[in-house]
Amino acid sequence: MLVESLSVAALAVVLVCAVIRPFRWPEAAFAVPAAGVVILAGAIPLDDVRDEAARLGPVIGFLAGVLVLAKLCADEGLFRACGSWMARRSAGSPRKLLGAVFGLASVITATLSLDATVVLLTPVVFATAARMGARPAPHVYASAHLSNTASLLLPVSNLTNLLAFTATGLSFTRFALLMTLPWLVAIAVEYAVFRRFFAADLDAPADGTEPTDPPHMPRFALVTVAATLAGFAVASALGIEPAWSAAAGAAVLAVRALLRRRTTPVAILRSASLPFLAFVLALGIVVRAVVDNGLGDALGRVLPDGTALPALLGTAAVAALLANLINNLPAVLALVPLAAPAGPGAVLAVLIGVNIGPNLTYAGSLATLLWRRIAHQHEHDVSLARFTRLGLLTTPAALVLSTLALWVSLRLLPG
């Protein structure tokens, strides 16, 4: 009983400190000591610690590669070019700007992960809206929602996907095929709700300037990203961890940037966000201790079994609820081992829940918390009431309809 209480307390401390970040310390400053406490208390045996580290090692390596790749793409001017393209595509219309943000954020989230959308695209969205003289709220809130919703498509779109990818037993390509329809449906639901919810902001006149010069697209960065994505598919077919493809893409851009003296080795290392990588590993250990000391049995009693439509809906709902209670990373770590015996469909339903569900509350995902900090840095008032109302309108509908789309995909694409 003591180790159970200690494990739960450790997880609570890690999550609360990740949300409020006391003294502005990184999340790892609290997660690493918490992991040490549960290990020393015997809440998780050392063999299980080694197993968890071995399981999360490739995931952490991939995350480091993608973070470096995204930062180097930003240094190449990719996101500035995206902002110019959005402004030209919008032609002074806030409604067209919303469509452009939806399109870009969905593609960037799917290919470069949700962190790129939150950290690198959101400031560009602020700048583009300001230059157009448009109200920023619809476009900035779209960045937050799509960093979660649009991360359904690929195994590499979200850390949650990568944590669950191996458990699905699917290839990279088949994962993408099964999730394409849920991805499209979820984005369509979000877009329809956004157009009505922010109607007043979108109808307000934009009195800014329109760009005249076409954007300069950094072709080398685009080709590198495309080659990296192709590398993910090839690596999956050959049984190679996607971390190697991410590392190769990052290395190509890093060598180019170093030769042109546009960056330094220290800056590249900093872009890998080592404290956050340590946080992911420590969080995995703490969650494993909680799951092994009671949470796993409790979840096993409420998680539906099978891949019939009611079971998939129930699984997605449980995952969404848990993500909002304890954050989506602990939720996926806890639920995937329980869902895996029912087959890949059940694991994909968990991903729908933990990826779409966090749009309901700030605490649902670390990406949303980071987005809120970036919004505050740009002196944009993020209203909790407004965020919650928008989440209540989008999340349940997107969750149900995308799960239905998954059920259809599983039957149309058996294998």
# chains A, B, ... in the order shown; residues from 1 in each chain; ligands from 1
$ residues_around --residues "A:Val14" --least-positions-apart "2" --cutoff "8 Å" --atoms "only C-alpha atoms" --output "list in words"
Ala10, Leu11, Ala12, Val16, Cys17, Ala18, Glu27, Phe30, Ala31, Ala34 and Leu283 of chain A
$ residues_around --residues "A:Leu404" --least-positions-apart "4" --cutoff "8 Å" --atoms "only C-alpha atoms" --output "PyMOL selection string"
chain A and resi 182+309+313+400+408
$ write_last_selection --atoms "N, CA and C atoms" --output "PDB file, in the first residue's frame"
ATOM      1  N   PRO A 182      -9.459   8.815 -40.348  1.00  0.00           N
ATOM      2  CA  PRO A 182      -9.684   9.491 -39.061  1.00  0.00           C
ATOM      3  C   PRO A 182      -9.033  10.868 -38.993  1.00  0.00           C
ATOM      4  N   LEU A 309     -17.317  -1.593 -33.070  1.00  0.00           N
ATOM      5  CA  LEU A 309     -17.472  -0.145 -32.969  1.00  0.00           C
ATOM      6  C   LEU A 309     -17.732   0.324 -31.533  1.00  0.00           C
ATOM      7  N   LEU A 313     -15.173   2.918 -29.578  1.00  0.00           N
ATOM      8  CA  LEU A 313     -15.657   4.183 -29.011  1.00  0.00           C
ATOM      9  C   LEU A 313     -15.367   4.261 -27.516  1.00  0.00           C
ATOM     10  N   VAL A 400     -15.738  11.042 -31.636  1.00  0.00           N
ATOM     11  CA  VAL A 400     -16.701  10.031 -32.093  1.00  0.00           C
ATOM     12  C   VAL A 400     -16.566   9.784 -33.582  1.00  0.00           C
ATOM     13  N   VAL A 408     -14.346   2.127 -39.905  1.00  0.00           N
ATOM     14  CA  VAL A 408     -14.556   1.942 -41.352  1.00  0.00           C
ATOM     15  C   VAL A 408     -13.235   1.547 -42.021  1.00  0.00           C
TER      16      VAL A 408
END
$ closest_residue --among "A:Asn293, A:Thr128, A:Thr122, A:Asn324" --to "A:Val3" --atoms "only C-alpha atoms"
A:Asn293
$ atom_distance --atom1 "atom CA of A:Gly36" --atom2 "atom CA of A:Ser271"
26.0 Å
$ residues_around --residues "A:Val286" --least-positions-apart "6" --cutoff "7 Å" --atoms "only C-alpha atoms" --output "list in words"
Ser7, Leu11, Ala35 and Val38 of chain A
$ residues_around --residues "A:Ala248" --least-positions-apart "5" --cutoff "9 Å" --atoms "only C-alpha atoms" --output "MDAnalysis selection string"
chainID A and resid 65 228 231 243 253
$ select_by_dssp --residues "stretch 189-377 of chain A" --states "alpha helix (DSSP H)" --output "ChimeraX atom specification"
/A:189-197,199-203,219-237,242-259,265-271,274-290,296-302,309-326,328-339,344-356,366-377
$ write_last_selection --atoms "C-alpha atoms" --output "compact mmCIF listing (two decimals), in the first residue's frame"
# COMPACT_ATOMS: atom_id res chain seq x y z
CA VAL A 189 -14.78 18.66 -37.73
CA GLU A 190 -12.36 21.16 -36.20
CA TYR A 191 -12.52 23.42 -39.28
CA ALA A 192 -16.33 23.42 -39.39
CA VAL A 193 -16.59 24.33 -35.70
CA PHE A 194 -13.87 26.99 -35.92
CA ARG A 195 -15.62 28.80 -38.77
CA ARG A 196 -18.81 29.13 -36.71
CA PHE A 197 -17.22 29.64 -33.28
CA ALA A 199 -17.41 33.94 -37.02
CA ALA A 200 -17.22 37.45 -35.53
CA ASP A 201 -13.41 37.47 -35.60
CA LEU A 202 -13.30 36.08 -39.14
CA ASP A 203 -15.81 38.62 -40.43
CA ARG A 219 14.15 23.72 -51.44
CA PHE A 220 17.02 21.93 -49.74
CA ALA A 221 15.12 21.79 -46.45
CA LEU A 222 11.94 20.61 -48.19
CA VAL A 223 13.80 17.85 -50.07
CA THR A 224 15.50 16.76 -46.84
CA VAL A 225 12.19 16.52 -45.00
CA ALA A 226 10.62 14.57 -47.88
CA ALA A 227 13.59 12.20 -47.97
CA THR A 228 13.39 11.73 -44.20
CA LEU A 229 9.70 10.81 -44.44
CA ALA A 230 10.47 8.32 -47.20
CA GLY A 231 13.24 6.99 -44.98
CA PHE A 232 10.73 6.33 -42.20
CA ALA A 233 8.69 4.11 -44.51
CA VAL A 234 11.73 2.26 -45.85
CA ALA A 235 13.20 1.81 -42.36
CA SER A 236 9.90 0.38 -41.12
CA ALA A 237 9.81 -2.14 -43.96
CA PRO A 242 12.75 5.41 -37.24
CA ALA A 243 15.24 7.19 -34.99
CA TRP A 244 17.96 6.43 -37.55
CA SER A 245 16.01 8.11 -40.35
CA ALA A 246 15.36 11.16 -38.16
CA ALA A 247 19.06 11.28 -37.24
CA ALA A 248 20.07 11.07 -40.90
CA GLY A 249 17.77 13.94 -41.91
CA ALA A 250 18.97 16.06 -39.01
CA ALA A 251 22.62 15.25 -39.84
CA VAL A 252 22.22 16.37 -43.46
CA LEU A 253 20.84 19.77 -42.47
CA ALA A 254 23.29 20.07 -39.57
CA VAL A 255 26.34 19.50 -41.79
CA ARG A 256 25.04 22.05 -44.31
CA ALA A 257 24.37 24.62 -41.58
CA LEU A 258 27.77 24.06 -39.94
CA LEU A 259 29.63 24.37 -43.25
CA PRO A 265 27.51 22.39 -32.41
CA VAL A 266 26.30 23.84 -29.11
CA ALA A 267 23.17 25.28 -30.76
CA ILE A 268 22.42 21.93 -32.40
CA LEU A 269 22.81 20.12 -29.09
CA ARG A 270 20.57 22.68 -27.40
CA SER A 271 17.85 22.17 -30.04
CA LEU A 274 18.11 17.21 -23.53
CA PRO A 275 16.17 18.13 -20.35
CA PHE A 276 12.90 17.25 -22.07
CA LEU A 277 14.34 13.90 -23.23
CA ALA A 278 15.31 13.17 -19.61
CA PHE A 279 11.78 14.12 -18.57
CA VAL A 280 10.26 11.59 -21.01
CA LEU A 281 12.46 8.78 -19.67
CA ALA A 282 11.80 9.66 -16.03
CA LEU A 283 8.07 9.99 -16.66
CA GLY A 284 8.03 6.54 -18.26
CA ILE A 285 9.64 5.03 -15.16
CA VAL A 286 7.21 6.76 -12.78
CA VAL A 287 4.18 5.74 -14.88
CA ARG A 288 5.45 2.14 -15.01
CA ALA A 289 5.61 2.15 -11.21
CA VAL A 290 2.03 3.46 -10.93
CA GLY A 296 -3.03 -1.25 -14.56
CA ASP A 297 -5.57 -3.50 -12.85
CA ALA A 298 -8.05 -0.63 -12.45
CA LEU A 299 -7.77 0.39 -16.10
CA GLY A 300 -8.03 -3.21 -17.21
CA ARG A 301 -11.46 -3.43 -15.59
CA VAL A 302 -12.86 -0.40 -17.43
CA LEU A 309 -17.47 -0.14 -32.97
CA PRO A 310 -18.81 0.15 -29.38
CA ALA A 311 -15.50 -1.16 -28.03
CA LEU A 312 -13.47 1.28 -30.13
CA LEU A 313 -15.66 4.18 -29.01
CA GLY A 314 -15.32 3.12 -25.38
CA THR A 315 -11.54 2.76 -25.69
CA ALA A 316 -11.18 6.21 -27.27
CA ALA A 317 -13.39 7.74 -24.56
CA VAL A 318 -11.40 6.14 -21.72
CA ALA A 319 -8.14 7.30 -23.33
CA ALA A 320 -9.44 10.87 -23.76
CA LEU A 321 -10.64 11.01 -20.16
CA LEU A 322 -7.37 9.65 -18.81
CA ALA A 323 -5.36 12.08 -20.94
CA ASN A 324 -7.21 15.01 -19.39
CA LEU A 325 -6.75 13.59 -15.90
CA ILE A 326 -3.06 12.69 -16.00
CA ASN A 328 -1.62 12.20 -22.65
CA LEU A 329 1.93 10.83 -22.29
CA PRO A 330 1.24 8.93 -19.04
CA ALA A 331 -2.14 7.90 -20.48
CA VAL A 332 -0.65 6.25 -23.54
CA LEU A 333 2.08 4.57 -21.49
CA ALA A 334 -0.58 3.11 -19.19
CA LEU A 335 -3.18 2.11 -21.80
CA VAL A 336 -1.19 0.71 -24.72
CA PRO A 337 -0.03 -2.50 -22.96
CA LEU A 338 -3.64 -3.15 -21.95
CA ALA A 339 -5.09 -2.46 -25.42
CA PRO A 344 -3.91 -2.82 -33.63
CA GLY A 345 -7.41 -1.33 -33.94
CA ALA A 346 -7.69 -0.99 -30.17
CA VAL A 347 -4.25 0.67 -29.93
CA LEU A 348 -5.19 3.11 -32.70
CA ALA A 349 -8.40 3.94 -30.80
CA VAL A 350 -6.24 4.75 -27.75
CA LEU A 351 -4.24 7.13 -29.94
CA ILE A 352 -7.40 8.86 -31.14
CA GLY A 353 -8.36 9.39 -27.52
CA VAL A 354 -5.00 10.65 -26.29
CA ASN A 355 -4.38 12.86 -29.35
CA ILE A 356 -7.81 14.50 -29.78
CA LEU A 366 2.38 19.24 -22.84
CA ALA A 367 2.04 20.76 -26.31
CA THR A 368 -1.02 22.75 -25.22
CA LEU A 369 0.78 23.99 -22.12
CA LEU A 370 3.71 25.08 -24.26
CA TRP A 371 1.34 26.79 -26.71
CA ARG A 372 -0.19 28.76 -23.84
CA ARG A 373 3.25 30.01 -22.79
CA ILE A 374 4.01 31.10 -26.34
CA ALA A 375 0.67 32.92 -26.56
CA HIS A 376 1.46 34.78 -23.34
CA GLN A 377 4.89 35.72 -24.70
$ residues_around --residues "A:Asn148" --least-positions-apart "5" --cutoff "12 Å" --atoms "only C-alpha atoms" --output "PyMOL selection string"
chain A and resi 105-106+108-110+113-118+141-143+153+157-161+183+186-187+190+320+323+328+351-362+364-369+371+391+395+398-399
$ closest_residue --among "A:Ala164, A:Leu154, A:Ala137, A:Met132" --to "A:Ser383" --atoms "only C-alpha atoms"
A:Ala137
$ residues_around --residues "A:Leu412" --least-positions-apart "3" --cutoff "12 Å" --atoms "only C-alpha atoms" --output "list in words"
Leu177, Leu178, Leu181, Ala405, Leu406, Trp407, Val408, Ser409 and Gly415 of chain A
$ write_last_selection --atoms "N, CA and C atoms" --output "CSV table (one decimal), in the first residue's frame"
chain,number,residue,atom,x,y,z
A,177,LEU,N,-2.1,4.5,-43.6
A,177,LEU,CA,-3.3,4.2,-44.4
A,177,LEU,C,-4.5,4.1,-43.5
A,178,LEU,N,-4.4,3.4,-42.4
A,178,LEU,CA,-5.5,3.2,-41.5
A,178,LEU,C,-5.9,4.5,-40.8
A,181,LEU,N,-8.1,8.4,-42.9
A,181,LEU,CA,-9.5,8.8,-42.8
A,181,LEU,C,-9.9,9.4,-41.5
A,405,ALA,N,-14.6,6.6,-38.2
A,405,ALA,CA,-13.7,6.5,-39.5
A,405,ALA,C,-12.7,5.4,-39.3
A,406,LEU,N,-12.1,5.3,-38.1
A,406,LEU,CA,-11.2,4.2,-37.9
A,406,LEU,C,-11.8,2.8,-38.1
A,407,TRP,N,-13.0,2.7,-37.5
A,407,TRP,CA,-13.8,1.4,-37.7
A,407,TRP,C,-14.0,1.1,-39.1
A,408,VAL,N,-14.3,2.1,-39.9
A,408,VAL,CA,-14.6,1.9,-41.4
A,408,VAL,C,-13.2,1.5,-42.0
A,409,SER,N,-12.1,2.2,-41.7
A,409,SER,CA,-10.8,1.9,-42.3
A,409,SER,C,-10.4,0.5,-42.0
A,415,GLY,N,-6.1,-6.6,-43.0
A,415,GLY,CA,-4.8,-7.1,-43.3
A,415,GLY,C,-4.1,-7.6,-42.1
$ atom_distance --atom1 "atom CA of A:Leu2" --atom2 "atom CA of A:Gly42"
10.3 Å
$ atom_distance --atom1 "atom CA of A:Val8" --atom2 "atom CA of A:Ile39"
13.4 Å
$ residues_around --residues "A:Gly133" --least-positions-apart "6" --cutoff "12 Å" --atoms "only C-alpha atoms" --output "list of chain:residue names"
A:Ala87, A:Ser90, A:Ala91, A:Gly92, A:Ser93, A:Pro94, A:Leu97, A:Phe126, A:Ala127, A:Asp201, A:Leu202, A:Ala204, A:Pro205, A:Ala206, A:Asp207, A:Gly208, A:Thr209, A:Glu210
$ write_last_selection --atoms "N, CA and C atoms" --output "PDB file, in the first residue's frame"
ATOM      1  N   ALA A  87       0.108  34.453 -46.003  1.00  0.00           N
ATOM      2  CA  ALA A  87      -0.346  35.822 -46.236  1.00  0.00           C
ATOM      3  C   ALA A  87      -0.784  36.019 -47.689  1.00  0.00           C
ATOM      4  N   SER A  90      -4.020  34.150 -48.453  1.00  0.00           N
ATOM      5  CA  SER A  90      -5.204  34.698 -47.801  1.00  0.00           C
ATOM      6  C   SER A  90      -5.753  35.928 -48.509  1.00  0.00           C
ATOM      7  N   ALA A  91      -4.898  36.667 -49.212  1.00  0.00           N
ATOM      8  CA  ALA A  91      -5.318  37.849 -49.967  1.00  0.00           C
ATOM      9  C   ALA A  91      -6.147  38.811 -49.101  1.00  0.00           C
ATOM     10  N   GLY A  92      -5.737  38.972 -47.843  1.00  0.00           N
ATOM     11  CA  GLY A  92      -6.415  39.915 -46.960  1.00  0.00           C
ATOM     12  C   GLY A  92      -7.681  39.398 -46.312  1.00  0.00           C
ATOM     13  N   SER A  93      -8.021  38.119 -46.515  1.00  0.00           N
ATOM     14  CA  SER A  93      -9.244  37.550 -45.952  1.00  0.00           C
ATOM     15  C   SER A  93      -8.925  36.702 -44.725  1.00  0.00           C
ATOM     16  N   PRO A  94      -9.456  37.063 -43.543  1.00  0.00           N
ATOM     17  CA  PRO A  94      -9.218  36.229 -42.356  1.00  0.00           C
ATOM     18  C   PRO A  94      -9.733  34.803 -42.527  1.00  0.00           C
ATOM     19  N   LEU A  97      -7.212  32.984 -44.419  1.00  0.00           N
ATOM     20  CA  LEU A  97      -6.054  32.754 -43.558  1.00  0.00           C
ATOM     21  C   LEU A  97      -6.297  31.555 -42.646  1.00  0.00           C
ATOM     22  N   PHE A 126       1.158  34.285 -35.474  1.00  0.00           N
ATOM     23  CA  PHE A 126       0.983  35.598 -34.837  1.00  0.00           C
ATOM     24  C   PHE A 126       1.460  36.722 -35.756  1.00  0.00           C
ATOM     25  N   ALA A 127       2.658  36.538 -36.328  1.00  0.00           N
ATOM     26  CA  ALA A 127       3.233  37.580 -37.173  1.00  0.00           C
ATOM     27  C   ALA A 127       2.407  37.795 -38.440  1.00  0.00           C
ATOM     28  N   ASP A 201     -14.809  37.121 -35.343  1.00  0.00           N
ATOM     29  CA  ASP A 201     -13.407  37.466 -35.600  1.00  0.00           C
ATOM     30  C   ASP A 201     -13.072  37.338 -37.078  1.00  0.00           C
ATOM     31  N   LEU A 202     -13.613  36.317 -37.726  1.00  0.00           N
ATOM     32  CA  LEU A 202     -13.297  36.077 -39.136  1.00  0.00           C
ATOM     33  C   LEU A 202     -13.982  37.082 -40.050  1.00  0.00           C
ATOM     34  N   ALA A 204     -14.484  40.233 -39.189  1.00  0.00           N
ATOM     35  CA  ALA A 204     -13.939  41.566 -38.944  1.00  0.00           C
ATOM     36  C   ALA A 204     -12.974  41.929 -40.070  1.00  0.00           C
ATOM     37  N   PRO A 205     -13.002  43.183 -40.546  1.00  0.00           N
ATOM     38  CA  PRO A 205     -12.128  43.565 -41.665  1.00  0.00           C
ATOM     39  C   PRO A 205     -10.657  43.524 -41.268  1.00  0.00           C
ATOM     40  N   ALA A 206      -9.822  43.119 -42.203  1.00  0.00           N
ATOM     41  CA  ALA A 206      -8.374  43.117 -42.011  1.00  0.00           C
ATOM     42  C   ALA A 206      -7.810  44.361 -42.682  1.00  0.00           C
ATOM     43  N   ASP A 207      -7.118  45.196 -41.904  1.00  0.00           N
ATOM     44  CA  ASP A 207      -6.665  46.474 -42.429  1.00  0.00           C
ATOM     45  C   ASP A 207      -5.156  46.562 -42.544  1.00  0.00           C
ATOM     46  N   GLY A 208      -4.503  45.413 -42.655  1.00  0.00           N
ATOM     47  CA  GLY A 208      -3.046  45.404 -42.761  1.00  0.00           C
ATOM     48  C   GLY A 208      -2.583  45.472 -44.204  1.00  0.00           C
ATOM     49  N   THR A 209      -1.300  45.177 -44.398  1.00  0.00           N
ATOM     50  CA  THR A 209      -0.709  45.204 -45.734  1.00  0.00           C
ATOM     51  C   THR A 209      -0.668  43.797 -46.312  1.00  0.00           C
ATOM     52  N   GLU A 210      -0.749  43.712 -47.617  1.00  0.00           N
ATOM     53  CA  GLU A 210      -0.670  42.429 -48.305  1.00  0.00           C
ATOM     54  C   GLU A 210       0.719  42.273 -48.921  1.00  0.00           C
TER      55      GLU A 210
END
$ decode --residues "stretch 45-60 of chain A" --atoms "N, CA and C atoms" --output "JSON list (two decimals), in the first residue's frame"
[["chain", "number", "residue", "atom", "x", "y", "z"],
["A", 45, "PRO", "N", 11.15, -2.59, -9.80],
["A", 45, "PRO", "CA", 12.43, -3.30, -9.74],
["A", 45, "PRO", "C", 13.41, -2.76, -10.78],
["A", 46, "LEU", "N", 14.70, -2.93, -10.51],
["A", 46, "LEU", "CA", 15.73, -2.43, -11.43],
["A", 46, "LEU", "C", 15.63, -3.09, -12.80],
["A", 47, "ASP", "N", 15.23, -4.36, -12.84],
["A", 47, "ASP", "CA", 15.07, -5.03, -14.15],
["A", 47, "ASP", "C", 13.99, -4.33, -14.97],
["A", 48, "ASP", "N", 12.91, -3.90, -14.31],
["A", 48, "ASP", "CA", 11.85, -3.19, -15.02],
["A", 48, "ASP", "C", 12.30, -1.79, -15.45],
["A", 49, "VAL", "N", 13.16, -1.19, -14.65],
["A", 49, "VAL", "CA", 13.72, 0.11, -15.03],
["A", 49, "VAL", "C", 14.54, -0.04, -16.31],
["A", 50, "ARG", "N", 15.36, -1.08, -16.36],
["A", 50, "ARG", "CA", 16.16, -1.32, -17.56],
["A", 50, "ARG", "C", 15.26, -1.62, -18.76],
["A", 51, "ASP", "N", 14.20, -2.40, -18.55],
["A", 51, "ASP", "CA", 13.28, -2.70, -19.64],
["A", 51, "ASP", "C", 12.61, -1.43, -20.17],
["A", 52, "GLU", "N", 12.21, -0.57, -19.25],
["A", 52, "GLU", "CA", 11.55, 0.68, -19.66],
["A", 52, "GLU", "C", 12.52, 1.58, -20.40],
["A", 53, "ALA", "N", 13.76, 1.64, -19.92],
["A", 53, "ALA", "CA", 14.76, 2.47, -20.60],
["A", 53, "ALA", "C", 15.04, 1.92, -22.00],
["A", 54, "ALA", "N", 15.10, 0.58, -22.13],
["A", 54, "ALA", "CA", 15.34, -0.01, -23.44],
["A", 54, "ALA", "C", 14.16, 0.24, -24.38],
["A", 55, "ARG", "N", 12.94, 0.23, -23.84],
["A", 55, "ARG", "CA", 11.74, 0.47, -24.67],
["A", 55, "ARG", "C", 11.65, 1.92, -25.11],
["A", 56, "LEU", "N", 12.01, 2.84, -24.21],
["A", 56, "LEU", "CA", 11.88, 4.26, -24.53],
["A", 56, "LEU", "C", 13.11, 4.82, -25.25],
["A", 57, "GLY", "N", 14.22, 4.09, -25.22],
["A", 57, "GLY", "CA", 15.45, 4.59, -25.84],
["A", 57, "GLY", "C", 15.29, 4.99, -27.30],
["A", 58, "PRO", "N", 14.75, 4.10, -28.16],
["A", 58, "PRO", "CA", 14.56, 4.49, -29.56],
["A", 58, "PRO", "C", 13.59, 5.65, -29.73],
["A", 59, "VAL", "N", 12.57, 5.71, -28.88],
["A", 59, "VAL", "CA", 11.61, 6.81, -28.95],
["A", 59, "VAL", "C", 12.29, 8.14, -28.63],
["A", 60, "ILE", "N", 13.10, 8.14, -27.59],
["A", 60, "ILE", "CA", 13.81, 9.35, -27.19],
["A", 60, "ILE", "C", 14.82, 9.76, -28.26]]
